[in-house]
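Peer 1: Take this structure, written in structure tokens, and hold onto it; I'll ask about it next.
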Amino acid sequence: MKRRTIFIIAVIICLLAYLPQLAPEEPVPDRAEGTLMVEFLDVEQGDSALIHLPNGETMLIDAGERDQGEHVVATLQEQGITRLDYVIGTHPHTDHIGGLQEVIESFDIGEIYMPKKLHTTKTFENLLLAIRDKGLSVTSAKAGVTVLEDEGVFATFVAPQDTDYEELNDYSAVLRLTFGETSFLFTGDAEAVSEHEMLNSGQSLSADVLKVGHHGSTTSNTVAFLKAVSPTHAVISCGAGNDYGHPHKQILKRLSALKATVWRTDEQGKITVTSDGTTLTVTPEK
Ligand SMILES: [Zn+2]
């Protein structure tokens, strides 16, 4: 063989060896087609859950404090997400809606749901301005409102039931999401008053996966409510060494009495739950 031919062959072999590395990265984390995946993001002391629906649509519930916005946006962009079909701001506290302004500004947004409750903080006002500047509007999140119903997936609000509360936390939009035989309950920071109303409403509250109310605080998670939900998996979203002592020991005891497996973002980072409609798989980041 001529030297030149050998050189060309060598170049081709090198190119073939590098080819896999040049291929684009998998846009969405390992997920079988037609499954539902929920990522409880680690946003320190706050809440944020990213939901990949079986039909490819995406939903984001809360985005942590304002300084977590960048982290949430980066996490979504790393996965190739350019559009959020549904955005839910559970209630106007900054540890839930703080990062949403950056999210709204960074992605193509479908529908936005928030409870009908105004708040006078700059963070909340800036969020409303960002929504307005994009020509979007907010749909009221309240019990009975259905967010989606599609191919075995059903998402509806079970709270707030009322329009007037003493505690801002009780305005929390609580979403129950079901896929096949599996179910999830995202409670925001709904406290005992709202839990009591949800119980009295007669709606189904049972869920295989519970996003534990108010970062595992004793102001939420009453025994009766936890019994009604009866979760197999309980996810607590909170920051390591937070000022509130979340999660409270008493709540961890209640969850253990119900034989629920507790997952914590402060200790295990992002918690990923995948459902094929029948079986759930939980994968902690660490
Ligand atoms: Zn909170």
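The way I read the labels, and the way they are meant: chains A, B, ... in the order of the structure tokens, residue 1 as the first residue of every chain, and ligand 1 as the first ligand shown, with later ones counted on from there.
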Find the residues near ligand 1. Use a cut-off of 10 Å, count only C-alpha atoms and all ligand atoms, and write them as a list in words.
Peer 2: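 The residues within 10 Å of ligand 1, counting only C-alpha atoms and all ligand atoms, are Gln45, Gly46, Asp47, Asp62, Gly64, Glu65, Thr90, His91, Pro92, His93, Thr94, Asp95, His96, Ile97, Asn169, Ser172, Gly188, Asp189, Ala190, Gly213, His214, His215, Gly216, Ser217, Ser237 and Cys238 of chain A.
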Peer 1: Residues as selected, C-alpha atoms, written as a CSV table (one decimal), in the first residue's frame, can you do that?
Peer 2:
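The resulting file, result.csv, is reproduced below:
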chain,number,residue,atom,x,y,z
A,45,GLN,CA,-34.4,25.4,51.2
A,46,GLY,CA,-37.4,25.5,48.7
A,47,ASP,CA,-39.3,23.4,46.3
A,62,ASP,CA,-42.1,26.0,41.6
A,64,GLY,CA,-37.0,27.6,44.5
A,65,GLU,CA,-35.6,30.9,45.8
A,90,THR,CA,-47.9,26.9,44.3
A,91,HIS,CA,-48.1,30.1,46.4
A,92,PRO,CA,-46.3,33.5,46.5
A,93,HIS,CA,-43.6,32.7,49.0
A,94,THR,CA,-40.1,33.3,47.6
A,95,ASP,CA,-38.8,29.8,48.3
A,96,HIS,CA,-41.3,28.6,45.7
A,97,ILE,CA,-41.8,31.3,43.1
A,169,ASN,CA,-49.2,28.7,52.9
A,172,SER,CA,-50.9,26.5,48.1
A,188,GLY,CA,-46.6,23.0,48.2
A,189,ASP,CA,-46.7,24.4,51.7
A,190,ALA,CA,-50.4,23.7,52.4
A,213,GLY,CA,-46.0,19.4,52.8
A,214,HIS,CA,-44.0,22.5,53.8
A,215,HIS,CA,-40.6,20.9,53.7
A,216,GLY,CA,-41.6,18.4,56.4
A,217,SER,CA,-42.9,21.0,58.9
A,237,SER,CA,-37.5,19.1,49.7
A,238,CYS,CA,-35.4,21.2,52.1
Peer 1: Find the spatial neighbours of Ala155 (chain A), counting only C-alpha atoms, within a cut-off of 8 Å - ignore same-chain residues fewer than 6 positions away - and output them as a list in words.
Peer 2: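 Once the nearby chain positions are removed, what remains is Thr146, Val147, Leu148, Glu149, Leu175, Arg176, Leu177 and Thr178 of chain A.
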Peer 1: Which residues, written as an MDAnalysis selection string, have at least one atom at most 7 Å from Glu111 (chain A), with only C-alpha atoms counted and residues fewer than 4 positions away on the same chain left out?
Peer 2: chainID A and resid 85:87
Peer 1: Rounded to one decimal place, report the CA of Met114 (chain A)-CA of Glu102 (chain A) distance in Å.
Peer 2: 16.5 Å
Peer 1: Check the DSSP output for the backbone and give back, as a list in words, the residues of region 111-171 of chain A in alpha helix (DSSP H).
Peer 2: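 DSSP on the backbone gives alpha helix (DSSP H) at Lys122, Thr123, Phe124, Glu125, Asn126, Leu127, Leu128, Leu129, Ala130, Ile131, Arg132 and Asp133 of chain A.
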Peer 1: Compile a residue-level contact table for region 157-221 of chain A against region 272-277 of chain A at a cut-off of 9 Å, reporting for every qualifying residue the shortest atom pair and its distance in Å to one decimal, with only C-alpha atoms counted, rows ordered by chain and ascending number, as CSV.
Peer 2:
residue,atom,partner,partner_atom,distance
A:Thr178,CA,A:Gly277,CA,8.6
A:Phe179,CA,A:Gly277,CA,5.3
A:Gly180,CA,A:Gly277,CA,4.2
A:Glu181,CA,A:Gly277,CA,5.6
A:Thr182,CA,A:Gly277,CA,5.7
A:Ser183,CA,A:Gly277,CA,8.9
A:Val209,CA,A:Val273,CA,8.6
Peer 1: Skip Ser137 (chain A) itself and residues of its chain fewer than 2 positions away, then list as a PyMOL selection string all residues within 12 Å of it, counting only C-alpha atoms.
Peer 2: chain A and resi 87+104+109-114+127-135+139-140
Peer 1: Restrict the selected residues to C-alpha atoms and save them as a PDB file, in the first residue's frame.
Peer 2:
ATOM      1  CA  VAL A  87     -45.867  26.086  34.957  1.00  0.00           C
ATOM      2  CA  ILE A 104     -40.450  32.436  32.508  1.00  0.00           C
ATOM      3  CA  ILE A 109     -44.177  28.858  28.189  1.00  0.00           C
ATOM      4  CA  GLY A 110     -47.595  27.261  27.732  1.00  0.00           C
ATOM      5  CA  GLU A 111     -50.006  27.708  30.620  1.00  0.00           C
ATOM      6  CA  ILE A 112     -49.274  29.248  34.019  1.00  0.00           C
ATOM      7  CA  TYR A 113     -51.281  28.346  37.113  1.00  0.00           C
ATOM      8  CA  MET A 114     -51.127  30.160  40.445  1.00  0.00           C
ATOM      9  CA  LEU A 127     -42.691  37.562  38.456  1.00  0.00           C
ATOM     10  CA  LEU A 128     -46.037  39.084  37.475  1.00  0.00           C
ATOM     11  CA  LEU A 129     -44.218  41.646  35.297  1.00  0.00           C
ATOM     12  CA  ALA A 130     -42.198  38.893  33.581  1.00  0.00           C
ATOM     13  CA  ILE A 131     -45.442  37.022  32.859  1.00  0.00           C
ATOM     14  CA  ARG A 132     -47.071  40.184  31.486  1.00  0.00           C
ATOM     15  CA  ASP A 133     -44.022  41.122  29.405  1.00  0.00           C
ATOM     16  CA  LYS A 134     -44.248  37.767  27.637  1.00  0.00           C
ATOM     17  CA  GLY A 135     -47.905  38.350  26.859  1.00  0.00           C
ATOM     18  CA  THR A 139     -55.005  30.776  35.249  1.00  0.00           C
ATOM     19  CA  SER A 140     -56.352  30.486  38.801  1.00  0.00           C
TER      20      SER A 140
END
Peer 1: Out of A:Phe40, A:Thr123, A:Phe225, A:Leu84, which residue has the shortest atom-to-atom distance to Asn200 (chain A) when counting only C-alpha atoms?
Peer 2: A:Phe225
Peer 1: Excluding region 228-236 of chain A and residues on its chain fewer than 3 positions from it, collect all residues at most 7 Å away from it, counting only C-alpha atoms, and give them as a compact mmCIF listing (two decimals) with N, CA, C and O atoms, in the first residue's frame.
Peer 2:
# COMPACT_ATOMS: atom_id res chain seq x y z
N LEU A 205 -57.28 11.51 47.70
CA LEU A 205 -55.99 12.12 48.03
C LEU A 205 -54.86 11.09 48.03
O LEU A 205 -53.69 11.44 48.19
N SER A 206 -55.20 9.83 47.86
CA SER A 206 -54.19 8.78 47.94
C SER A 206 -53.11 9.01 46.88
O SER A 206 -53.40 9.46 45.77
N ALA A 207 -51.87 8.74 47.26
CA ALA A 207 -50.77 8.93 46.33
C ALA A 207 -49.61 8.00 46.69
O ALA A 207 -49.28 7.85 47.86
N ASP A 208 -49.03 7.41 45.66
CA ASP A 208 -47.84 6.57 45.89
C ASP A 208 -46.65 7.43 46.27
O ASP A 208 -45.80 7.02 47.04
N VAL A 209 -46.61 8.64 45.68
CA VAL A 209 -45.50 9.55 45.96
C VAL A 209 -46.07 10.87 46.49
O VAL A 209 -46.87 11.52 45.84
N LEU A 210 -45.65 11.22 47.69
CA LEU A 210 -46.08 12.49 48.29
C LEU A 210 -44.90 13.44 48.36
O LEU A 210 -43.85 13.11 48.90
N LYS A 211 -45.09 14.65 47.80
CA LYS A 211 -44.13 15.72 48.05
C LYS A 211 -44.58 16.25 49.39
O LYS A 211 -45.60 16.91 49.50
N VAL A 212 -43.84 15.91 50.42
CA VAL A 212 -44.25 16.21 51.80
C VAL A 212 -44.48 17.71 51.99
O VAL A 212 -43.66 18.53 51.56
N HIS A 215 -41.94 21.36 53.45
CA HIS A 215 -40.56 20.91 53.74
C HIS A 215 -40.48 20.00 54.98
O HIS A 215 -39.45 19.93 55.63
N GLY A 216 -41.61 19.34 55.30
CA GLY A 216 -41.61 18.42 56.44
C GLY A 216 -41.87 19.11 57.76
O GLY A 216 -41.44 18.64 58.82
N ALA A 224 -54.13 12.62 60.13
CA ALA A 224 -55.28 12.23 59.30
C ALA A 224 -54.97 12.40 57.81
O ALA A 224 -55.32 11.55 56.98
N PHE A 225 -54.29 13.50 57.47
CA PHE A 225 -53.97 13.77 56.07
C PHE A 225 -52.99 12.73 55.54
O PHE A 225 -53.19 12.14 54.46
N LEU A 258 -46.14 5.09 58.93
CA LEU A 258 -46.96 4.69 57.77
C LEU A 258 -46.16 3.81 56.80
O LEU A 258 -46.64 3.49 55.71
N ALA A 260 -43.68 4.62 55.00
CA ALA A 260 -43.30 5.32 53.77
C ALA A 260 -41.77 5.43 53.73
O ALA A 260 -41.15 5.66 54.75
N THR A 261 -41.21 5.27 52.54
CA THR A 261 -39.76 5.47 52.39
C THR A 261 -39.52 6.97 52.20
O THR A 261 -40.14 7.59 51.34
N VAL A 262 -38.66 7.53 53.04
CA VAL A 262 -38.40 8.97 52.98
C VAL A 262 -37.18 9.26 52.13
O VAL A 262 -36.13 8.64 52.28
N TRP A 263 -37.35 10.21 51.21
CA TRP A 263 -36.26 10.68 50.35
C TRP A 263 -36.09 12.17 50.63
O TRP A 263 -37.08 12.88 50.74
N ARG A 264 -34.83 12.62 50.77
CA ARG A 264 -34.57 14.02 51.13
C ARG A 264 -33.59 14.69 50.19
O ARG A 264 -32.48 14.20 49.99
N THR A 265 -33.98 15.85 49.67
CA THR A 265 -33.08 16.56 48.75
C THR A 265 -31.86 17.12 49.49
O THR A 265 -30.80 17.28 48.91
Peer 1: One number please: CA of Thr35 (chain A) to CA of Pro54 (chain A), in Å, one decimal.
Peer 2: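 Computing it gives 4.9 Å between the two atoms.
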Peer 1: Could you pull out the residues in region 188-248 of chain A that DSSP calls strand (DSSP E) from the backbone, as a PyMOL selection string?
Peer 2: chain A and resi 209-211+233-236
Peer 1: Taking only C-alpha atoms into account, name the residue in A:Glu285, A:Glu44, A:Asp162, A:Asp170 that is nearest to Ile271 (chain A).
Peer 2: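 Residue with the minimum atom-to-atom distance to Ile271 (chain A): A:Glu285.
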Peer 1: Applying 6 Å and only C-alpha atoms, which residues near Val174 (chain A) remain after dropping the ones on its own chain fewer than 3 positions away? List them as a list in words.
Peer 2: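 Residues meeting the cut-off are Phe157, Val158, Ala159, Phe186 and Thr187 of chain A.
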Peer 1: Take the residues from that selection and put them in a file with N, CA and C atoms, as a tab-separated table (two decimals), in the first residue's frame.
Peer 2:
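Output file again.tsv follows:
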chain	number	residue	atom	x	y	z
A	157	PHE	N	-56.21	19.99	40.41
A	157	PHE	CA	-55.95	20.60	41.72
A	157	PHE	C	-56.97	20.12	42.74
A	158	VAL	N	-56.47	19.81	43.93
A	158	VAL	CA	-57.37	19.40	45.02
A	158	VAL	C	-57.41	20.48	46.10
A	159	ALA	N	-56.60	21.52	45.95
A	159	ALA	CA	-56.60	22.68	46.84
A	159	ALA	C	-55.98	23.85	46.08
A	186	PHE	N	-48.56	16.76	44.95
A	186	PHE	CA	-47.63	17.87	45.16
A	186	PHE	C	-48.34	18.91	46.02
A	187	THR	N	-47.90	19.05	47.26
A	187	THR	CA	-48.68	19.81	48.23
A	187	THR	C	-48.25	21.25	48.47
Peer 1: Which residue gives the smallest distance to Arg31 (chain A) among A:Leu252, A:Pro115, A:His52, A:Gln268, with only C-alpha atoms counted?
Peer 2: A:His52
